[in-house]
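Participant: So here's data.txt (compact mmCIF, C-alpha atoms).
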# COMPACT_ATOMS: atom_id res chain seq x y z
CA MET A 165 5.69 3.97 -32.66
CA ASN A 166 7.74 3.01 -29.63
CA ASP A 167 10.43 5.57 -29.04
CA GLU A 168 12.17 3.63 -26.35
CA SER A 169 11.24 1.03 -23.82
CA GLN A 170 12.70 -0.30 -20.63
CA GLN A 171 12.05 -3.64 -19.00
CA LEU A 172 12.18 -4.64 -15.37
CA ALA A 173 11.83 -8.05 -13.75
CA VAL A 174 9.28 -8.14 -10.91
CA THR A 175 10.20 -10.75 -8.36
CA SER A 176 10.18 -8.84 -5.06
CA ASP A 177 8.71 -5.92 -3.12
CA GLN A 178 11.70 -3.79 -4.08
CA ASP A 179 10.96 -4.42 -7.75
CA VAL A 180 7.46 -2.96 -7.29
CA VAL A 181 9.12 0.19 -5.92
CA ARG A 182 11.47 0.23 -8.94
CA VAL A 183 8.50 -0.07 -11.30
CA ARG A 184 6.89 2.97 -9.64
CA GLN A 185 10.11 4.95 -10.02
CA LEU A 186 10.60 3.98 -13.66
CA VAL A 187 6.97 4.80 -14.53
CA ARG A 188 7.24 8.12 -12.71
CA ALA A 189 10.39 9.05 -14.66
CA SER A 190 8.76 8.13 -17.99
CA ALA A 191 5.55 9.99 -17.11
CA VAL A 192 7.58 13.11 -16.34
CA ALA A 193 9.57 12.67 -19.58
CA VAL A 194 6.43 12.68 -21.75
CA LYS A 195 5.07 15.61 -19.71
CA LEU A 196 1.95 14.06 -18.26
CA SER A 197 0.20 16.42 -15.84
CA LEU A 198 0.86 15.92 -12.15
CA VAL A 199 -2.54 14.28 -11.59
CA ASP A 200 -2.05 11.98 -14.58
CA GLN A 201 1.47 11.08 -13.40
CA THR A 202 0.00 10.16 -10.04
CA LYS A 203 -2.74 8.08 -11.67
CA ILE A 204 -0.44 6.08 -13.95
CA VAL A 205 2.12 5.47 -11.18
CA THR A 206 -0.65 4.31 -8.85
CA ALA A 207 -2.12 2.02 -11.54
CA ALA A 208 1.36 0.62 -12.24
CA SER A 209 1.87 -0.04 -8.55
CA GLU A 210 -1.39 -2.01 -8.34
CA LEU A 211 -0.68 -4.04 -11.47
CA ALA A 212 2.97 -4.71 -10.62
CA ARG A 213 1.88 -5.99 -7.23
CA ASN A 214 -0.65 -8.26 -8.95
CA THR A 215 2.11 -9.58 -11.21
CA LEU A 216 4.17 -10.35 -8.11
CA VAL A 217 1.48 -11.69 -5.78
CA TYR A 218 -0.94 -13.46 -8.14
CA GLY A 219 1.29 -14.08 -11.14
CA GLY A 220 4.18 -15.36 -9.06
CA GLY A 221 6.47 -12.72 -10.55
CA GLY A 222 7.00 -11.59 -14.11
CA SER A 223 8.13 -8.55 -16.04
CA VAL A 224 7.11 -4.97 -16.67
CA GLU A 225 7.93 -3.04 -19.82
CA VAL A 226 7.55 0.73 -19.90
CA ALA A 227 7.54 2.59 -23.21
CA GLN A 228 7.09 6.17 -24.26
CA VAL A 229 4.67 6.26 -27.20
CA ASP A 230 3.51 8.80 -29.72
CA ASN A 231 0.41 8.37 -31.90
CA GLY A 232 1.21 11.40 -34.04
CA ARG A 233 -1.16 13.65 -32.12
CA ARG A 234 -0.27 12.97 -28.53
CA LYS A 235 2.49 11.50 -26.46
CA GLY A 236 1.89 8.97 -23.79
CA ILE A 237 3.21 6.09 -21.81
CA ARG A 238 2.43 2.41 -22.32
CA ILE A 239 3.15 -0.30 -19.80
CA VAL A 240 2.93 -4.07 -20.25
CA PHE A 241 2.72 -6.34 -17.20
CA ALA A 242 3.37 -10.00 -18.03
CA ASP A 243 3.51 -13.11 -15.91
CA GLN A 244 3.47 -16.88 -16.47
CA GLY A 245 1.21 -17.48 -13.47
CA PRO A 246 -2.08 -19.37 -13.20
CA GLY A 247 -4.04 -16.84 -15.28
CA ILE A 248 -7.48 -15.49 -14.46
CA ALA A 249 -10.40 -17.89 -14.80
CA ASP A 250 -13.27 -15.43 -14.44
CA LEU A 251 -12.48 -11.96 -15.76
CA ASP A 252 -15.86 -10.45 -14.87
CA LEU A 253 -15.38 -11.53 -11.29
CA ALA A 254 -11.76 -10.29 -11.23
CA PHE A 255 -12.95 -6.85 -12.36
CA THR A 256 -15.60 -6.62 -9.66
CA ASP A 257 -14.82 -3.94 -7.08
CA GLY A 258 -14.15 -5.60 -3.78
CA TYR A 259 -13.59 -9.10 -5.12
CA THR A 260 -10.23 -10.60 -4.23
CA SER A 261 -8.80 -14.08 -4.45
CA GLY A 262 -5.96 -13.03 -2.21
CA GLY A 263 -5.77 -10.87 0.87
CA GLY A 264 -6.16 -7.48 -0.81
CA LEU A 265 -8.99 -5.03 -1.06
CA GLY A 266 -10.09 -6.19 -4.47
CA LEU A 267 -9.45 -2.79 -6.01
CA GLY A 268 -6.21 -3.41 -7.87
CA LEU A 269 -7.51 -4.55 -11.25
CA SER A 270 -10.75 -2.58 -11.37
CA GLY A 271 -9.17 0.52 -9.84
CA ALA A 272 -6.18 0.45 -12.18
CA ARG A 273 -8.50 0.25 -15.18
CA ARG A 274 -10.27 3.43 -14.03
CA LEU A 275 -6.96 5.28 -13.72
CA VAL A 276 -5.73 4.74 -17.29
CA ASP A 277 -6.98 5.68 -20.78
CA GLU A 278 -6.59 2.28 -22.43
CA PHE A 279 -6.59 -1.12 -20.80
CA SER A 280 -6.36 -4.55 -22.35
CA ILE A 281 -5.86 -7.96 -20.85
CA GLU A 282 -4.93 -11.35 -22.23
CA THR A 283 -5.21 -14.29 -19.91
CA GLY A 284 -6.09 -17.93 -19.79
CA VAL A 285 -6.05 -20.56 -17.11
CA GLY A 286 -2.51 -21.92 -16.98
CA GLU A 287 -1.34 -19.45 -19.64
CA GLY A 288 -0.31 -16.49 -17.53
CA THR A 289 -1.59 -12.95 -17.78
CA SER A 290 -0.54 -9.97 -19.84
CA ILE A 291 -2.01 -6.53 -19.18
CA THR A 292 -1.32 -3.46 -21.31
CA VAL A 293 -2.23 0.03 -20.15
CA THR A 294 -1.76 3.42 -21.81
CA LYS A 295 -2.05 6.95 -20.51
CA TRP A 296 -2.05 9.82 -23.00
CA CYS A 297 -1.14 13.46 -22.46
CA ARG A 298 -4.17 15.75 -22.59
CA MET B 245 15.16 -2.90 4.90
CA ASP B 246 14.23 0.72 5.58
CA ARG B 247 12.25 1.54 8.67
CA VAL B 248 9.93 4.48 9.26
CA PRO B 249 10.76 6.24 12.56
CA VAL B 250 8.04 6.80 15.16
CA LEU B 251 8.56 9.95 17.27
CA LYS B 252 6.90 10.63 20.61
CA ILE B 253 5.84 14.22 21.18
CA GLY B 254 4.00 14.64 24.45
CA ASP B 255 0.94 12.43 24.25
CA ILE B 256 1.20 11.96 20.50
CA LEU B 257 3.13 9.57 18.28
CA LEU B 258 4.24 11.25 15.07
CA VAL B 259 5.14 9.31 11.96
CA SER B 260 6.39 11.11 8.88
CA ILE B 261 6.72 8.79 5.90
CA GLN B 262 9.58 10.12 3.79
CA ILE B 263 10.33 7.12 1.60
CA ASP B 264 8.66 5.15 -1.16
CA MET B 265 7.75 2.19 1.06
CA GLU B 266 8.06 -1.41 0.07
CA ASP B 267 5.05 -3.38 1.26
CA GLN B 268 7.11 -4.99 4.03
CA VAL B 269 8.13 -1.57 5.34
CA ALA B 270 4.47 -0.55 5.61
CA LEU B 271 3.67 -3.74 7.53
CA GLN B 272 6.65 -3.17 9.83
CA LEU B 273 5.38 0.35 10.55
CA GLN B 274 2.00 -1.12 11.49
CA GLU B 275 3.68 -3.38 14.08
CA ASP B 276 6.05 -0.72 15.37
CA LEU B 277 3.17 1.70 15.94
CA ALA B 278 1.09 -0.85 17.83
CA ASP B 279 4.08 -1.59 20.09
CA ARG B 280 4.81 2.09 20.68
CA ILE B 281 1.18 2.93 21.51
CA VAL B 282 1.20 0.26 24.19
CA SER B 283 4.67 1.06 25.56
CA THR B 284 4.09 4.84 25.69
CA GLY B 285 0.38 4.96 26.49
CA CYS B 286 -0.03 7.71 23.90
CA HIS B 287 -3.61 8.53 22.93
CA GLY B 288 -2.97 10.08 19.54
CA VAL B 289 -1.17 9.07 16.34
CA ILE B 290 -0.40 11.45 13.49
CA ILE B 291 0.78 10.02 10.19
CA ASP B 292 2.23 12.61 7.84
CA ILE B 293 2.06 11.50 4.20
CA SER B 294 2.95 14.85 2.63
CA ALA B 295 6.11 13.35 1.11
CA LEU B 296 4.24 10.49 -0.59
CA ASP B 297 3.60 11.06 -4.27
CA ILE B 298 1.25 8.09 -4.48
CA VAL B 299 -0.94 6.09 -2.11
CA ASP B 300 -2.00 2.81 -3.68
CA SER B 301 -4.51 0.32 -2.30
CA PHE B 302 -1.87 -1.45 -0.23
CA VAL B 303 -0.71 1.69 1.55
CA GLY B 304 -4.32 2.85 1.86
CA ARG B 305 -5.29 -0.43 3.46
CA THR B 306 -2.30 -0.23 5.79
CA LEU B 307 -3.34 3.26 6.92
CA ALA B 308 -6.87 2.02 7.58
CA THR B 309 -5.54 -0.97 9.52
CA ILE B 310 -3.28 1.26 11.61
CA ALA B 311 -6.26 3.45 12.44
CA SER B 312 -8.28 0.40 13.52
CA ILE B 313 -5.48 -1.07 15.61
CA SER B 314 -4.91 2.31 17.29
CA LYS B 315 -8.57 2.57 18.14
CA VAL B 316 -8.54 -0.82 19.84
CA LEU B 317 -5.50 0.38 21.81
CA ASP B 318 -7.29 3.59 22.89
CA ALA B 319 -5.53 5.93 20.49
CA GLU B 320 -6.94 8.10 17.70
CA THR B 321 -5.18 8.25 14.33
CA VAL B 322 -5.11 11.24 12.03
CA VAL B 323 -3.58 11.05 8.55
CA VAL B 324 -2.25 14.44 7.50
CA GLY B 325 -0.70 16.16 4.49
CA MET B 326 -2.26 14.23 1.61
CA ARG B 327 -1.37 15.85 -1.71
CA PRO B 328 -4.29 16.92 -3.95
CA ALA B 329 -3.25 14.63 -6.81
CA VAL B 330 -3.06 11.72 -4.38
CA ALA B 331 -6.56 12.46 -3.08
CA ILE B 332 -8.00 12.59 -6.62
CA THR B 333 -6.29 9.33 -7.55
CA LEU B 334 -7.31 7.51 -4.37
CA VAL B 335 -10.97 8.30 -4.85
CA GLU B 336 -10.87 7.28 -8.51
CA LEU B 337 -9.10 4.07 -7.53
CA GLY B 338 -12.10 3.36 -5.32
CA LEU B 339 -10.53 3.97 -1.91
CA SER B 340 -12.25 6.68 0.03
CA LEU B 341 -10.61 5.61 3.30
CA PRO B 342 -13.75 5.45 5.43
CA GLY B 343 -12.95 5.48 9.11
CA ILE B 344 -9.74 7.43 8.68
CA ARG B 345 -9.55 10.90 10.21
CA THR B 346 -7.65 13.38 8.09
CA ALA B 347 -6.28 16.89 8.47
CA LEU B 348 -4.43 19.12 6.03
CA ASN B 349 -1.20 19.32 8.02
CA VAL B 350 0.45 18.21 11.27
CA GLU B 351 -0.60 21.30 13.19
CA LEU B 352 -4.29 20.89 12.27
CA GLY B 353 -3.99 17.19 13.07
CA MET B 354 -2.78 18.05 16.56
CA ASP B 355 -5.65 20.53 16.96
CA LEU B 356 -8.10 17.81 15.95
CA LEU B 357 -6.71 15.35 18.49
CA ALA B 358 -6.69 17.99 21.24
CA ARG B 359 -10.31 18.93 20.48
CA GLU B 360 -11.46 15.32 20.55
CA ARG B 361 -9.65 14.65 23.76
CA ARG B 362 -11.35 17.62 25.42
CA GLU B 363 -14.75 16.49 24.16
CA ARG B 364 -14.13 13.06 25.60
CA GLY B 365 -13.39 14.79 28.90
CA ASP B 366 -10.08 13.08 29.39
CA ASP B 367 -7.46 14.48 31.70
CA GLY B 368 -4.70 14.07 29.19
CA ASP B 369 -4.30 17.43 27.56
CA PHE B 370 -3.01 17.69 24.03
CA SER B 371 -3.37 21.44 24.07
CA ASP B 372 0.00 21.77 25.78
CA TYR B 373 1.56 20.52 22.63
CA THR B 374 -0.44 22.03 19.84
CA GLY B 375 1.07 25.49 20.13
CA GLY B 376 4.44 24.47 21.40
CA GLY B 377 7.50 23.18 19.67
CA VAL B 378 8.27 19.57 18.97
CA ASP B 379 10.93 19.06 21.59
CA GLY B 380 9.56 15.69 22.60
CA GLY B 381 10.09 16.36 26.31
CA GLU B 382 8.23 14.29 28.84
CA THR B 383 5.65 16.13 30.87
CA PRO B 384 5.21 14.76 34.35
CA ALA B 385 1.61 14.19 35.40
CA VAL B 386 2.33 15.87 38.72
CA PRO B 387 4.62 18.88 38.76
CA ALA B 388 7.73 18.24 40.79
CA SER B 389 7.64 20.25 43.96
Would you write the structure of this file as structure tokens?

Facilitator:
Amino acid sequence: MNDESQQLAVTSDQDVVRVRQLVRASAVAVKLSLVDQTKIVTAASELARNTLVYGGGGSVEVAQVDNGRRKGIRIVFADQGPGIADLDLAFTDGYTSGGGLGLGLSGARRLVDEFSIETGVGEGTSITVTKWCR
Amino acid sequence: MDRVPVLKIGDILLVSIQIDMEDQVALQLQEDLADRIVSTGCHGVIIDISALDIVDSFVGRTLATIASISKVLDAETVVVGMRPAVAITLVELGLSLPGIRTALNVELGMDLLARERRERGDDGDFSDYTGGGVDGGETPAVPAS
């Protein structure tokens, strides 16, 4: 199902910029609409920053996918950080354990079509998001 | 690290963000603007984001912080040139940027600042600059005789 995927390490501010650029290029390649490109790049920016700031760095994998009916883009954000203890709280608009606005996780989920998260205290966090062409 | 230039045009500071900013670059811009507002005594700040293809929560928060800092330093901030797709995404993300003045382009942003300044009854007159070019020349308060 994965046509091709590219992986980037996220350990600095510059890497977050690189993630945005890679996601943008992939979103253009699968012909997402301009608004959907903007949404997935914005979501990727939020989640990559989370990987960096809360996860202590990690990796991002961007893949172009095809479910037979539609093309899309799938991104996996993985870190080996402290994990998220209370997911309900983490998804609450305005809640932040850091210095942000508390919109990253909840906002990113609204901007994509599919969102899944695996996390455990001390086990790191892995978030997978998908955006499909309309 | 890249740096976003701050241009002085009459009584306005103009910032046109042309790069995909790292977070540190956005924070540096925040500091640079505060310094320039104080050193120039400008009463208006225009931030042109027409070249930005996304505004995430970090950049959105930085814009809001810049607007608040400017206000405390007696300057109004107008964010101009937001792309439609960026506006749609920002609102869906949950950021409606309350407290930030916006205009569709730099010219309308200058009009907005000039109008507000007149309503406040200040002597400083933006209107000299709204129709004119952007030559950045200093205008003496008292004409040289």

Participant: From the options A:Ile204, A:Ala212, A:Leu251, A:Ala173, which residue's atoms come nearest to A:Val285, counting only C-alpha atoms?

Facilitator: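 Among A:Ile204, A:Ala212, A:Leu251, A:Ala173, it is A:Leu251 that comes nearest to A:Val285.
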
Participant: Quick one, how far is atom CA of B:Leu251 from atom CA of B:Arg280?

Facilitator: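 Distance between the two atoms: 9.4 Å.
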
Participant: When you draw a straight line from atom CA of A:Asp200 to atom CA of A:Lys295, how long is it in Å?

Facilitator: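 That distance, rounded to one decimal, is 7.8 Å.
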
Participant: Given all atoms listed in the file, how would the per-residue table for chain A near chain B read, listing every residue at most 10 Å away with its closest atom pair and distance in Å to one decimal, sorted by chain and number, as CSV?

Facilitator:
residue,atom,partner,partner_atom,distance
A:Ser176,CA,B:Glu266,CA,9.3
A:Asp177,CA,B:Glu266,CA,5.6
A:Gln178,CA,B:Glu266,CA,6.0
A:Asp179,CA,B:Glu266,CA,8.9
A:Val180,CA,B:Glu266,CA,7.5
A:Val181,CA,B:Glu266,CA,6.3
A:Arg182,CA,B:Asp264,CA,9.6
A:Arg184,CA,B:Asp264,CA,8.9
A:Gln185,CA,B:Asp264,CA,9.0
A:Arg188,CA,B:Asp297,CA,9.7
A:Ser197,CA,B:Ala329,CA,9.8
A:Leu198,CA,B:Ala329,CA,6.9
A:Val199,CA,B:Ala329,CA,4.8
A:Asp200,CA,B:Ala329,CA,8.3
A:Gln201,CA,B:Ala329,CA,8.8
A:Thr202,CA,B:Ile298,CA,6.1
A:Lys203,CA,B:Thr333,CA,5.6
A:Ile204,CA,B:Thr333,CA,9.3
A:Val205,CA,B:Ile298,CA,7.2
A:Thr206,CA,B:Asp300,CA,5.5
A:Ala207,CA,B:Asp300,CA,7.9
A:Ala208,CA,B:Asp300,CA,9.5
A:Ser209,CA,B:Asp300,CA,6.8
A:Glu210,CA,B:Asp300,CA,6.7
A:Arg213,CA,B:Phe302,CA,9.1
A:Asp257,CA,B:Gly338,CA,8.0
A:Gly258,CA,B:Gly338,CA,9.3
A:Gly264,CA,B:Phe302,CA,7.4
A:Leu265,CA,B:Ser301,CA,7.1
A:Gly266,CA,B:Ser301,CA,8.8
A:Leu267,CA,B:Gly338,CA,6.7
A:Gly268,CA,B:Ser301,CA,6.9
A:Leu269,CA,B:Leu337,CA,9.5
A:Ser270,CA,B:Leu337,CA,7.9
A:Gly271,CA,B:Leu337,CA,4.2
A:Ala272,CA,B:Leu337,CA,6.6
A:Arg273,CA,B:Leu337,CA,8.6
A:Arg274,CA,B:Leu337,CA,6.6
A:Leu275,CA,B:Leu337,CA,6.7

Participant: Quick one, how far is atom CA of A:Asp243 from atom CA of A:Thr283?

Facilitator: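 Those two atoms sit 9.7 Å apart.
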
Participant: Report as a ChimeraX atom specification all protein, DNA and RNA residues lying within 6 Å of B:Asp292, evaluated on all atoms listed in the file, omitting residues in the same chain fewer than 3 positions from it.

Facilitator: /B:260,324-325

Participant: Could you give me, as a PyMOL selection string, the residues within 12 Å of B:Ser283, counting all atoms listed in the file and dropping anything in the same chain fewer than 4 positions from it?

Facilitator: chain B and resi 252+257+276-279+287+317

Participant: Can you work out which one of B:Ala295, B:Ser340, B:Val289, B:Ala311 has the shortest atom-to-atom distance to B:Gly353, counting all atoms listed in the file?

Facilitator: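 For B:Gly353, the nearest of the given residues is B:Val289.
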
Participant: Please return, as a list in words, all polymer residues that have at least one atom within 12 Å of the point (-6.0, 15.0, 6.4); use only C-alpha atoms and the file's own coordinate frame.

Facilitator: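 Checked against the point, the hits come out as Ile290, Ile291, Asp292, Ile293, Ser294, Thr321, Val322, Val323, Val324, Gly325, Met326, Arg327, Pro328, Val330, Ala331, Leu341, Ile344, Arg345, Thr346, Ala347, Leu348, Asn349, Val350, Glu351, Leu352, Gly353, Met354, Asp355 and Leu356 of chain B.
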
Participant: Restricting the calculation to all atoms listed in the file, which member of B:Asp246, B:Leu271, B:Ile281, B:Gly343 is positioned closest to B:Leu258?

Facilitator: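 Checking each of B:Asp246, B:Leu271, B:Ile281, B:Gly343 against B:Leu258, counting all atoms listed in the file, the winner is B:Ile281.
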
Participant: Would you list the residues near (-4.0, 5.1, -18.8) (no more than 6 Å away, in the coordinates of the file, using all atoms listed in the file) as a PyMOL selection string?

Facilitator: chain A and resi 275-278+293-295

Participant: Write the residues of the preceding selection, restricted to C-alpha atoms, as a PDB file, in the coordinates of the input.

Facilitator:
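Listing of again14.pdb after writing:
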ATOM      1  CA  LEU A 275      -6.960   5.280 -13.720  1.00  0.00           C
ATOM      2  CA  VAL A 276      -5.730   4.740 -17.290  1.00  0.00           C
ATOM      3  CA  ASP A 277      -6.980   5.680 -20.780  1.00  0.00           C
ATOM      4  CA  GLU A 278      -6.590   2.280 -22.430  1.00  0.00           C
ATOM      5  CA  VAL A 293      -2.230   0.030 -20.150  1.00  0.00           C
ATOM      6  CA  THR A 294      -1.760   3.420 -21.810  1.00  0.00           C
ATOM      7  CA  LYS A 295      -2.050   6.950 -20.510  1.00  0.00           C
TER       8      LYS A 295
END

Participant: Which one is closest to A:Val240: A:Leu211, A:Val224, A:Val187, A:Ala254? Count only C-alpha atoms.

Facilitator: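 Smallest distance to A:Val240 is found for A:Val224.
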
Participant: Please list as a PyMOL selection string every residue within 9 Å of A:Gly247, counting all atoms listed in the file and excluding residues in the same chain fewer than 2 positions away.

Facilitator: chain A and resi 218-219+243-245+249+282-290
